[in-house]
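Read the structure below first, then the notes.
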2 protein chains.
Amino acid sequence: MTRPLRVAIAGLGTVGGGVANVLLTRGAELAERAGRPLECIMVSARERTKKRAADVSSIAWADDVVSLAKSDADVVVELIGGEDGPARALVQSSLEAGKHVVTANKALLAYHGAQLAALAEERGVALRFEAAAAGGIPIVRALRESLIAYGIGAVRGILNGTCNFILTQMEASGRPFAEVLAEAQALGYAEADPTLDIGGGDTAHKLALLASLAFGIKPDLSNMTIQGIAHITPEDIAFAREFGCRIKLLGIARQTPHGIDQRVQPAMVKLGTPLADIEGAFNVVVADAGEAGPFFFEGRGAGEAPTASAVVADLVDIARGAVGPTFGRPARNLKSGNPAPANSRRSAFYLRFDVLDVPGVLAEIASRLAEGGVSIESMIQRGRAPGEPVAIVMVTHECSETGVAGALKVIVRSDKVLGDPCMIPMEAG
Amino acid sequence: MTRPLRVAIAGLGTVGGGVANVLLTRGAELAERAGRPLECIMVSARERTKKRAADVSSIAWADDVVSLAKSDADVVVELIGGEDGPARALVQSSLEAGKHVVTANKALLAYHGAQLAALAEERGVALRFEAAAAGGIPIVRALRESLIAYGIGAVRGILNGTCNFILTQMEASGRPFAEVLAEAQALGYAEADPTLDIGGGDTAHKLALLASLAFGIKPDLSNMTIQGIAHITPEDIAFAREFGCRIKLLGIARQTPHGIDQRVQPAMVKLGTPLADIEGAFNVVVADAGEAGPFFFEGRGAGEAPTASAVVADLVDIARGAVGPTFGRPARNLKSGNPAPANSRRSAFYLRFDVLDVPGVLAEIASRLAEGGVSIESMIQRGRAPGEPVAIVMVTHECSETGVAGALKVIVRSDKVLGDPCMIPMEAG
C-alpha cells in the first residue's frame, strides 16, 4: 500500500466535524477503497476550545487557517465559506503550493471558479467540489463524468433546502412567508441572516457550477436572472394547487437556440413530477441528457452526513490519483457567457393581481395583457368584496416573458391595482 | 495531448451501434473531457453485411469476435451478452492480454464477476460495467465512488424495464399478464423468449452487481430469492390500489443484523413514493446511504442512448487513467455470502386466496394464519357468488415470512381454496 494521503481540514463546523469523524472512524474501509490510507494531519477553525462532535484532540492544530497551505498536507479541505476572505486566500495559496483542494464553497467557485480551476490545472492538482452543489447528491460527478456521451440540454433543480422547507411549510400550514421563516430560523433550518437562501443567491451559486459542468462555460452569475421567494403568498400557494401545481424555487440552466438561459426563480410545476413532489430539506436535480433521456437525482441537500459524504468521496478520488480538470474540461477551453437574451424566453405564466373589486378592473387587465400579446388560458376570481381588495389570478398561454413584463408595467399604474403583481412561470417537472 | 485510446467494439446491436456512433460523431468533446482522443479501431459482430444505424465501414472488421483480444486495442467493449460462450471468452482473453474491458453484460459479471475482477486487477487493467445495471443511470459509479463515507444499508430498485412496462400496462388496461406480454413482444419491448426478464433473472443479475458494490461481497446469485411477475393478476393490481399501493418487481439487497438479504420479487409499494411512481421503461434505484440518508436515482434503464451513454462514460474514465478495482475494493477482499437466513425476514404481506364462496372459508384461513403467528390488518372480500370462486385478499401486520409461508402450505390443502395463494410483501417506497 502506498503512503497515506495527508489531509488538512479548514473549518470544523457541522460539515468539517463530519469529515473528521468519517476519516477517524471509517479509515479502514476508505483505505480499502482508495488503495491507500487517508490521514487527517491538521485542522484549523476559529475557536480551538469549542465543543465539537468530532474529537480532534489527537490532530495537530493551526491557529491561522491560511497556514494550512504551508502544511505537510497533500490536500486541503476548505469548509470555511464565503467567496473571499480566508476561504479564497487558503484555496488560492494551497493550489499555488501544489496541494489538492476539496471545497464545499459554492460562492467561492461561482465567483472565482474559472480562475482557480486554471490555477489547479497549471499546478497539476485537483480542485474538487462535489459538496458545493446539492449536498450529498453526486450530481457534480454525474455531469462531469457520467452524462457526457450525448451532451446536456438542460439542468434544472431544487438546490436550496431552506427555501424548499419554507415553501413546504407554507403549503402545509397556510401561514405567510415571514412567520414560517421565523419558525425555520428558530428550528435552525434557516440562518440568522437568511438573505442568501431566500433571495435565491445560494441556488444561483450552485446553478453556476452545474451549468459550467453541463455546458463547458465559465461559472457566470452576471448573466443569471435571480429571484427569491419572499414575495410568494399563501394565496399563490393555494391557487397553485387549483391549477394542479406546486410552487418551487428552481435553478434552471438550459441550452436554447439563442444561447444559454440561466435563472433562479419560483416556478409552478405540475404535481406528480419529481420537481413538484420533493419536500422539506431534500434536493432534486433533473439532467436532460440529450437522447439518453432525463435523469433524476434526489437526496438530502445539506447537513453533516450528506455534505461530509460528498467531501469524502472527493478525497478518496484524489487518493486514487484522479486529477482531472475541475469543470470536466480544461479551464482554458471554458467559454464565456453566450447568454440567451431575456426577450427570447417563452413560457406560460401564473399571474396574481391584487385589485379593488370594482367594475371594469378585469377588463382593464385583460386589455393590457392582450396589447402585450398575452392571451389567457384560465382565470380565477374567488369571492366578492365590492370596493375592497381581492385577488385575480390567471394562467396565460405560452408567451414571451418580456411581453408579460411589459404589460405588467402598464397595469401596475392603474389605481385599481394594489401593489406589485406576482408573475411565476410554469415549468415542466 | 497523449496518444489515442484505441477501442474495439464486440457486438454491433442497438448498444454497440450507439457507442460507435458517439465515438464517430462526438469525438472532439470526448477528447476534451478525456484529455486524449478515443479512437474506434476495430469492430466485430455476427453479420458483417447487416444494415446498421452506425456507419462502421471506415473501421477494421474482425470476423472472429474473440480475436479482438489480440487486436491493437487498449480497451475491448463487450456487447455480445450471455454469461458464457464468446462473451466470456472475449472478456477473459482480453484481460489476460492486458486490455481494459468495458461491458454491459450483467449475466457474465453476476456469474463470473469476482474471478474476472481478480484477473483484471492482477493484470493492472480496468473492468468497467456502468451499462450493466440500470442503463444510463450512473448508479455503479455512485455506489463505487460517491456514497462510500457512511456505508450502504440497502440498495433497492426497479431494474427491469420490461417488467415495469408490463405491470404499468396491466394497471392501465386491466388486462391479464399473458395478453400484455404478447403486446409488449409485438412492440419490441419484450424479447421473443422473455423468461430472463419476466422471471426476475435479469433483475437478479443486476442486483448481484449492485450488492457487490454496496457491501463488498462477491456477486452471488446462489443466495438470492428470485421470483418473477407471471403470477400477478389484474385483481392483485386492482386490490393494490385499494390499499394505496402499486405492485412493482423490486430487486432488494439489504444489510440486516442476520446477514445480507438479497431478493427479487414483486412488492407492494405505497403510491406517491419514487419506487411506486416510476412507470414504463424507466428504472429507479434507492440507496440508503447510512446517515447521509436515502438517495434516489431515476432514468431510462435500457435502449441505445442510455446504455451507450454508460459505456462511453466508462471509456472516457479509462482514457483518463482510472484503473480502480472493479467492485470498488480489491477483488481479493470481496467477501463470500453471509446471507440472511430466510426465517429472519419480516414484513407485512398482501395475501390473495381464490376460494369457493361457502360458509366457513374465511374462518378457516384466519385460523391457519393465526396458528402461524400471522395477524391480519385489513381484509377485502368483494362481491358474493355462493358456491362460486371469489377472491379474499388481506394485508397482514408485520410478521415472519416463514410464518406466512408455513400457514399458506396448510391453507392450500383445503378443498375450499382454489389454486395457489398469492403472497406479496409490502416494501417502503
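Going through the C-alpha cells in order, the chains are called A, B, and so on, while each chain numbers its residues from 1 and the ligands are numbered from 1 in the order shown.
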Next on the checklist: Can you pull out every residue from stretch 137-302 of chain A that DSSP, working from the backbone, puts in helix (DSSP H, G or I), and format the result as a PyMOL selection string?
Outcome noted: chain A and resi 139-146+161-173+177-186+195-198+201-215+234-242+274-277+290-292
Next on the checklist: Select, as a ChimeraX atom specification, those residues of chain A with any atom no more than 8 Å from chain B (distances computed using only C-alpha atoms).
Outcome noted: /A:22,26,30,32-33,136-138,142,145-150,272,291-300,304-310,312-314,316-317,320,322,324,328-330
Write the residues you've just listed into a file as a JSON list (two decimals), in the first residue's frame, and include C-alpha atoms for each of them.
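Listed below is the output, out_32.json:
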```json
[["chain", "number", "residue", "atom", "x", "y", "z"],
["A", 22, "VAL", "CA", -15.52, 9.80, 9.00],
["A", 26, "ARG", "CA", -14.08, 4.63, 8.90],
["A", 30, "LEU", "CA", -11.83, 4.17, 2.97],
["A", 32, "GLU", "CA", -9.52, -0.30, 1.06],
["A", 33, "ARG", "CA", -11.48, 1.71, -1.48],
["A", 136, "GLY", "CA", -24.66, 14.51, -0.91],
["A", 137, "ILE", "CA", -26.23, 14.00, -4.35],
["A", 138, "PRO", "CA", -23.38, 13.01, -6.67],
["A", 142, "ALA", "CA", -22.51, 12.67, -12.83],
["A", 145, "GLU", "CA", -18.04, 12.04, -15.84],
["A", 146, "SER", "CA", -21.24, 10.10, -16.50],
["A", 147, "LEU", "CA", -23.74, 12.02, -18.64],
["A", 148, "ILE", "CA", -21.30, 13.11, -21.31],
["A", 149, "ALA", "CA", -21.96, 10.97, -24.37],
["A", 150, "TYR", "CA", -24.94, 12.90, -25.75],
["A", 272, "GLY", "CA", -46.86, 14.27, -9.54],
["A", 291, "GLU", "CA", -31.04, 11.25, -26.39],
["A", 292, "ALA", "CA", -30.11, 9.36, -23.21],
["A", 293, "GLY", "CA", -33.22, 10.92, -21.72],
["A", 294, "PRO", "CA", -33.85, 12.73, -18.49],
["A", 295, "PHE", "CA", -32.10, 11.65, -15.31],
["A", 296, "PHE", "CA", -33.40, 12.47, -11.86],
["A", 297, "PHE", "CA", -31.20, 12.65, -8.76],
["A", 298, "GLU", "CA", -32.72, 13.13, -5.33],
["A", 299, "GLY", "CA", -31.28, 13.26, -1.83],
["A", 300, "ARG", "CA", -30.53, 15.41, 1.18],
["A", 304, "GLU", "CA", -23.50, 16.92, 8.31],
["A", 305, "ALA", "CA", -23.62, 13.45, 6.79],
["A", 306, "PRO", "CA", -24.80, 14.24, 3.23],
["A", 307, "THR", "CA", -22.24, 17.01, 2.80],
["A", 308, "ALA", "CA", -19.41, 15.14, 4.52],
["A", 309, "SER", "CA", -20.24, 12.16, 2.28],
["A", 310, "ALA", "CA", -19.57, 14.31, -0.80],
["A", 312, "VAL", "CA", -15.05, 12.22, 1.49],
["A", 313, "ALA", "CA", -15.88, 10.92, -1.99],
["A", 314, "ASP", "CA", -13.71, 13.69, -3.46],
["A", 316, "VAL", "CA", -10.96, 9.16, -1.94],
["A", 317, "ASP", "CA", -10.97, 10.11, -5.61],
["A", 320, "ARG", "CA", -6.84, 7.11, -6.09],
["A", 322, "ALA", "CA", -7.83, 11.32, -10.10],
["A", 324, "GLY", "CA", -8.98, 15.69, -13.94],
["A", 328, "GLY", "CA", -14.71, 18.41, -16.65],
["A", 329, "ARG", "CA", -12.83, 20.17, -19.47],
["A", 330, "PRO", "CA", -9.57, 22.11, -19.47]]
```
Checklist entry - Expressed in Å to a single decimal, how great is the separation between atom CA of A:Ile411 and atom CA of A:Gly244? => result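 If I compute the distance from atom CA of A:Ile411 to atom CA of A:Gly244, I get 26.8 Å.
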Next on the checklist: Report as a list in words all protein, DNA and RNA residues lying within 6 Å of A:Ser44, evaluated on only C-alpha atoms, omitting residues in the same chain fewer than 5 positions from it.
Outcome noted: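 Contacts, with the query itself left out: Ala10, Gly11, Trp61, Ala62 and Val65 of chain A.
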Item to check | Pick from A:Arg175, A:Lys206, A:Arg46, A:His231 nearest to A:Arg352, counting only C-alpha atoms | outcome: A:His231
Item to check | Counting only C-alpha atoms, the option among B:Ile232, B:Ala178, B:Leu249, B:Val358 closest to B:Pro266 | outcome: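 For B:Pro266, the nearest of the candidates is B:Leu249.
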Checklist entry - Leaving out B:Ile392 and any residue of its chain fewer than 4 positions from it, which residues lie within 9 Å of it when counting only C-alpha atoms, given as number ranges by chain? => result B: 351-355, 362, 379-382
